[in-house]
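Undergrad: Dropping a structure here in structure tokens format, bear with me for questions.
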Amino acid sequence: MRIIADLHLHSKFSRATSREMDVETLARWCGWKGISVVGTGDFTHPVWLRELRAKLRPNGRGLYTHGGQHFMLTSEVSNIYPQGGRLRKIHNMILAPSFEAVERLNAVLARFGSLMADGRPTLSLPSDKLVEYTMEISPECMVIPAHVWTPWFSLYGSNSGFDSLRECFGEQTRHIHAVETGLSSDPPMNWRIGELDAVMLVSNSDAHSPAKLGREANVLECALDYGEILNVLRRRDRAKFLFTIEFFPEEGKYHFDGHRACNQRLSPEETTALRGVCPVCGRPLTVGVMSRVVALASREDAPAANRIPFRHLIPLEEIIAEALSAQPGSAAVREEYLKLVQGLGNEFAVLMDVPLDEVARHARPRVVEALRRMRDGLVEIKPGYDGTFGEIRIFGGAAEESKVTQPAQTSLF
């Protein structure tokens with residue numbers, strides 16, 4: 001069966017996260033979105049873990065359910081530690097097969113930081129040791145470096161990361177079977193890094209509110225079974241990993257270089273010409289994902305055999321909001337959104353599968369036209385920079401400052 005998995009998100013116990021990130025609301029939104037398996041997030045937090053234990057039931061295959069929605073036990077931790085004369089700040093995801101494995105792992109991690117302080121705890125634990133201890137707890141666990149290109153808190157981050165998987169994970173690199181590309185990069189950017197041929201590229205929403213679920217996700221052909229999903233990732237099974245759902249990477253808030261305080265958005269070439277210094281204040285620029293990819297790239301492209309398809313999508317509420325000249329989450333947008341997802345199946349069906357003439361029976365003409373343009377990749381974007389999300393336009397905009405993104409690769413259905 002085809003399943004859509006979004007495995008990285010945060011609960012209501014993480015900082016800067018909606019109070020609606022609870023089990024019931026997650027399950028309801030996953031139904032609207034069309035997400036088959038969703039991560040629990042934050043299983044390291046004791047109160048959230050108690051809530052998960054109370055509300056989730058095992059499906060007998062390593063996943064858990066609530067109201068028909070499947071959950072996978074997942075969390076993200078922030079590893080902060082000195083290495084090589086620098087302070088490293090790396091975020092890593094953890095997947096776990098059972099509450100029993102989670103309890104044992106939490107007992108170990110609690111030695112390195114307060115698990116109660118935040119849903120994403122800060123640990124004074126090197127990344128290689130995190131992997132070592134996790135695999136000792138259960139070989140059915142999996143550690144995945146999170147949003148690997150963001151300037152702060154990531155494997156390849158320009159400010160506190162590393163230049164390679166082995167530099168970060170050492171001998172434990174053998175247990176790293178996947179990396180999360182993050183919102184500010186997409187597969188073609190990652191194909192330029194030769195060492196990533198050996199791992200699976202995964203995409204997740206990193207949602208802090210229910211409406212953001214599924215903005216990136218993974219589409220697999222497999223059973224609703226933890227072990228089978230894990231094997232698809234570990235074996236880099238291209239027959240069962242169908243494609244990833246991606247942000248337009250320019251929309252990510254660290255795609256380009258820049259300096260938010262001075263309203264400076266710069267391409268890698270412009271940053272090089274300025275020697276990395278803000279032209280307004282003279283302070284160092286925040287080096288974004290595109291520049292970092294260019295710096296570490298070993299080639300311009302990857303062999304075709306290594307490529308898993310992908311689709312660039314825009315969340316349906318954002319499409320409706322622009323079509324109605326309204327704000328995402330407003331009453332008018334939410335009403336239109338629910339009418340579409342309830343009438344046509346779910347959000348992913350509307351975005352990718354349902355013929356536009358069928359959509360037209362449920363939606364206003366301007367919404368249908370917006371969907372057509374998104375499916376064809378006919379959008380204009382001001383790239384994000386220094387913590388500022390990019391601005392995506394479907395119906396025009398400041399074209400002289402924007403990039404027109406071409407249609408996504410491949411036909412998927």
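How things are named: the first chain in the structure tokens is A, the next is B, and so on; residues count from 1 in each chain; ligands count from 1 in the order shown.
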What's the 6 Å shell around Leu7 (chain A), counting only C-alpha atoms, without same-chain residues fewer than 2 positions away, as an mmCIF file with C-alpha atoms, in the first residue's frame?

TA:
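The resulting file, result09.cif, is shown below:
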data_model
loop_
_atom_site.group_PDB
_atom_site.id
_atom_site.type_symbol
_atom_site.label_atom_id
_atom_site.label_comp_id
_atom_site.auth_asym_id
_atom_site.auth_seq_id
_atom_site.Cartn_x
_atom_site.Cartn_y
_atom_site.Cartn_z
ATOM 1 C CA VAL A 38 3.018 10.592 11.817
ATOM 2 C CA GLY A 39 5.801 10.907 14.343
ATOM 3 C CA ASN A 204 9.629 15.807 7.123
#

Undergrad: Tell me, which residues of region 163-381 of chain A carry DSSP strand (DSSP E), written as an MDAnalysis selection string?

TA: chainID A and resid 178:180 200:202 217:221 241:246 257:259 264:266 310:312 379:381

Undergrad: Give me the region 8-69 of chain A side of the contact with region 122-128 of chain A, cut-off 12 Å, one line per residue showing its nearest atom pair and distance in Å at one decimal, counting only C-alpha atoms, sorted by chain and residue number, as a Markdown table.

TA:
| residue | atom | partner | partner_atom | distance |
| --- | --- | --- | --- | --- |
| A:Ser14 | CA | A:Thr122 | CA | 11.6 |
| A:Thr44 | CA | A:Thr122 | CA | 10.9 |
| A:His45 | CA | A:Thr122 | CA | 11.6 |

Undergrad: Kindly export the residues of the current selection with N, CA and C atoms, as a compact mmCIF listing (two decimals), in the first residue's frame.

TA:
# COMPACT_ATOMS: atom_id res chain seq x y z
N SER A 14 7.27 21.44 23.46
CA SER A 14 8.46 22.08 22.90
C SER A 14 8.27 23.59 22.88
N THR A 44 11.11 12.11 24.51
CA THR A 44 12.01 12.27 25.66
C THR A 44 11.36 13.06 26.79
N HIS A 45 10.28 13.80 26.51
CA HIS A 45 9.66 14.63 27.55
C HIS A 45 8.76 13.76 28.44

Undergrad: Compare A:Ala211, A:Met189, A:Ala178, A:Ile245 by their minimum atom-to-atom distance to Pro328 (chain A), counting only C-alpha atoms, and give me the closest one.

TA: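 Of A:Ala211, A:Met189, A:Ala178, A:Ile245, the one nearest Pro328 (chain A) is A:Ala211, counting only C-alpha atoms.
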
Undergrad: Got a sec to tell me which of region 159-205 of chain A DSSP assigns to helix (DSSP H, G or I), as a PyMOL selection string?

TA: chain A and resi 165-175+187-191+194-198

Undergrad: Write to file, as a PDB file, in the first residue's frame, the residues of the selection just made, with C-alpha atoms.

TA:
ATOM      1  CA  LEU A 165      29.262  12.504   8.096  1.00  0.00           C
ATOM      2  CA  ARG A 166      32.406  10.782   9.373  1.00  0.00           C
ATOM      3  CA  GLU A 167      33.755  13.952  10.960  1.00  0.00           C
ATOM      4  CA  CYS A 168      30.527  14.149  12.971  1.00  0.00           C
ATOM      5  CA  PHE A 169      29.739  10.491  13.683  1.00  0.00           C
ATOM      6  CA  GLY A 170      33.119   8.759  13.417  1.00  0.00           C
ATOM      7  CA  GLU A 171      32.869   4.970  13.603  1.00  0.00           C
ATOM      8  CA  GLN A 172      29.121   5.277  14.239  1.00  0.00           C
ATOM      9  CA  THR A 173      28.636   6.512  10.656  1.00  0.00           C
ATOM     10  CA  ARG A 174      27.894   2.889   9.785  1.00  0.00           C
ATOM     11  CA  HIS A 175      24.589   3.303  11.652  1.00  0.00           C
ATOM     12  CA  PRO A 187      17.084  16.495  -3.406  1.00  0.00           C
ATOM     13  CA  PRO A 188      18.985  18.023  -6.366  1.00  0.00           C
ATOM     14  CA  MET A 189      20.972  20.186  -3.964  1.00  0.00           C
ATOM     15  CA  ASN A 190      21.852  17.108  -1.897  1.00  0.00           C
ATOM     16  CA  TRP A 191      22.723  15.022  -4.972  1.00  0.00           C
ATOM     17  CA  GLY A 194      28.914  12.460  -3.059  1.00  0.00           C
ATOM     18  CA  GLU A 195      28.895  10.947   0.428  1.00  0.00           C
ATOM     19  CA  LEU A 196      25.100  11.222   0.562  1.00  0.00           C
ATOM     20  CA  ASP A 197      24.834   8.560  -2.165  1.00  0.00           C
ATOM     21  CA  ALA A 198      25.249   6.055   0.674  1.00  0.00           C
TER      22      ALA A 198
END

Undergrad: Got a sec: who's within 7 Å of Phe243 (chain A), counting only C-alpha atoms, leaving out chain neighbours fewer than 2 positions off, as a list in words?

TA: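 Listed by chain and then number, they are Asn218, Val219, Phe241, Ile245, Ile308, Pro309 and Phe310 of chain A.
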
Undergrad: List the spatial neighbours of region 267-282 of chain A as a list in words - criterion: any atom at most 7 Å away, only C-alpha atoms, same-chain residues fewer than 2 positions off excluded.

TA: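 My list of contacting residues is Phe256, Asp257, His259, Cys262, Pro284, Leu285, Met290 and Ser291 of chain A.
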
Undergrad: Nearest residue to Met21 (chain A) out of A:Ala302, A:Met142, A:Leu9, A:Leu155, using only C-alpha atoms?

TA: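 Ranked by minimum distance to Met21 (chain A), first place goes to A:Leu9.
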
Undergrad: Near Ser154 (chain A), within 6 Å and counting only C-alpha atoms, which residues show up once chain neighbours fewer than 3 positions away are dropped, as a ChimeraX atom specification?

TA: /A:90-91,148,150,157,161

Undergrad: Using only C-alpha atoms, can you tell me which of A:Tyr385, A:Arg292, A:Gly31, A:Leu356 comes closest to Ala261 (chain A)?

TA: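 Among the listed residues, A:Tyr385 lies closest to Ala261 (chain A).
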
Undergrad: Interatomic distance between CA of Asp118 (chain A) and CA of Arg15 (chain A)?

TA: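 Rounded to one decimal, the two atoms are 6.5 Å apart.
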
Undergrad: Rank A:Pro46, A:Gly387, A:Gly41, A:Gly62 by their smallest atom-to-atom distance to Glu103 (chain A), using only C-alpha atoms, and report the top residue only.

TA: A:Pro46

Undergrad: Calculated over only C-alpha atoms, which of the candidates A:Ser160, A:Val367, A:Gly119, A:Gly68 has the smallest distance to Leu87 (chain A)?

TA: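 Using only C-alpha atoms, the shortest distance to Leu87 (chain A) belongs to A:Ser160.
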
Undergrad: Measuring between only C-alpha atoms, which one of A:Ser18, A:Gln264, A:Thr244, A:Ser164 shows the shortest distance to Lys382 (chain A)?

TA: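 The answer is A:Gln264, which sits nearest to Lys382 (chain A).
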
Undergrad: Residues near region 136-140 of chain A, anyone? I mean within 12 Å using only C-alpha atoms, not counting same-chain ones fewer than 4 positions away, as number ranges by chain.

TA: A: 62, 73, 94-109, 129-132, 172, 175, 226-231, 234

Undergrad: For the residues in the current selection, export C-alpha atoms as a compact mmCIF listing (two decimals), in the first residue's frame.

TA:
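The resulting file, again_3.txt, is reproduced below:
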# COMPACT_ATOMS: atom_id res chain seq x y z
CA GLY A 62 5.82 -1.44 15.99
CA LEU A 73 7.58 6.94 18.38
CA ILE A 94 15.51 9.29 16.89
CA LEU A 95 13.02 6.61 15.81
CA ALA A 96 12.06 3.91 18.32
CA PRO A 97 10.12 0.63 18.03
CA SER A 98 8.44 0.54 21.45
CA PHE A 99 7.69 2.42 24.65
CA GLU A 100 10.03 0.01 26.44
CA ALA A 101 12.95 1.06 24.22
CA VAL A 102 12.03 4.72 24.75
CA GLU A 103 12.04 4.32 28.53
CA ARG A 104 15.49 2.72 28.50
CA LEU A 105 16.86 5.36 26.15
CA ASN A 106 15.42 8.23 28.18
CA ALA A 107 17.12 6.85 31.30
CA VAL A 108 20.46 7.14 29.52
CA LEU A 109 19.86 10.55 27.93
CA LYS A 129 27.93 8.78 21.44
CA LEU A 130 24.22 9.43 20.93
CA VAL A 131 24.22 6.88 18.12
CA GLU A 132 26.32 4.41 20.11
CA GLN A 172 29.12 5.28 14.24
CA HIS A 175 24.59 3.30 11.65
CA TYR A 226 7.72 -0.08 11.86
CA GLY A 227 10.22 -2.76 10.86
CA GLU A 228 9.34 -2.56 7.17
CA ILE A 229 9.59 1.25 7.12
CA LEU A 230 12.95 1.00 8.88
CA ASN A 231 14.20 -1.55 6.35
CA ARG A 234 18.30 1.15 5.92

Undergrad: Separation of CA of Trp152 (chain A) and CA of Ser205 (chain A), in Å?

TA: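 Between CA of Trp152 (chain A) and CA of Ser205 (chain A) the gap works out to 17.7 Å.
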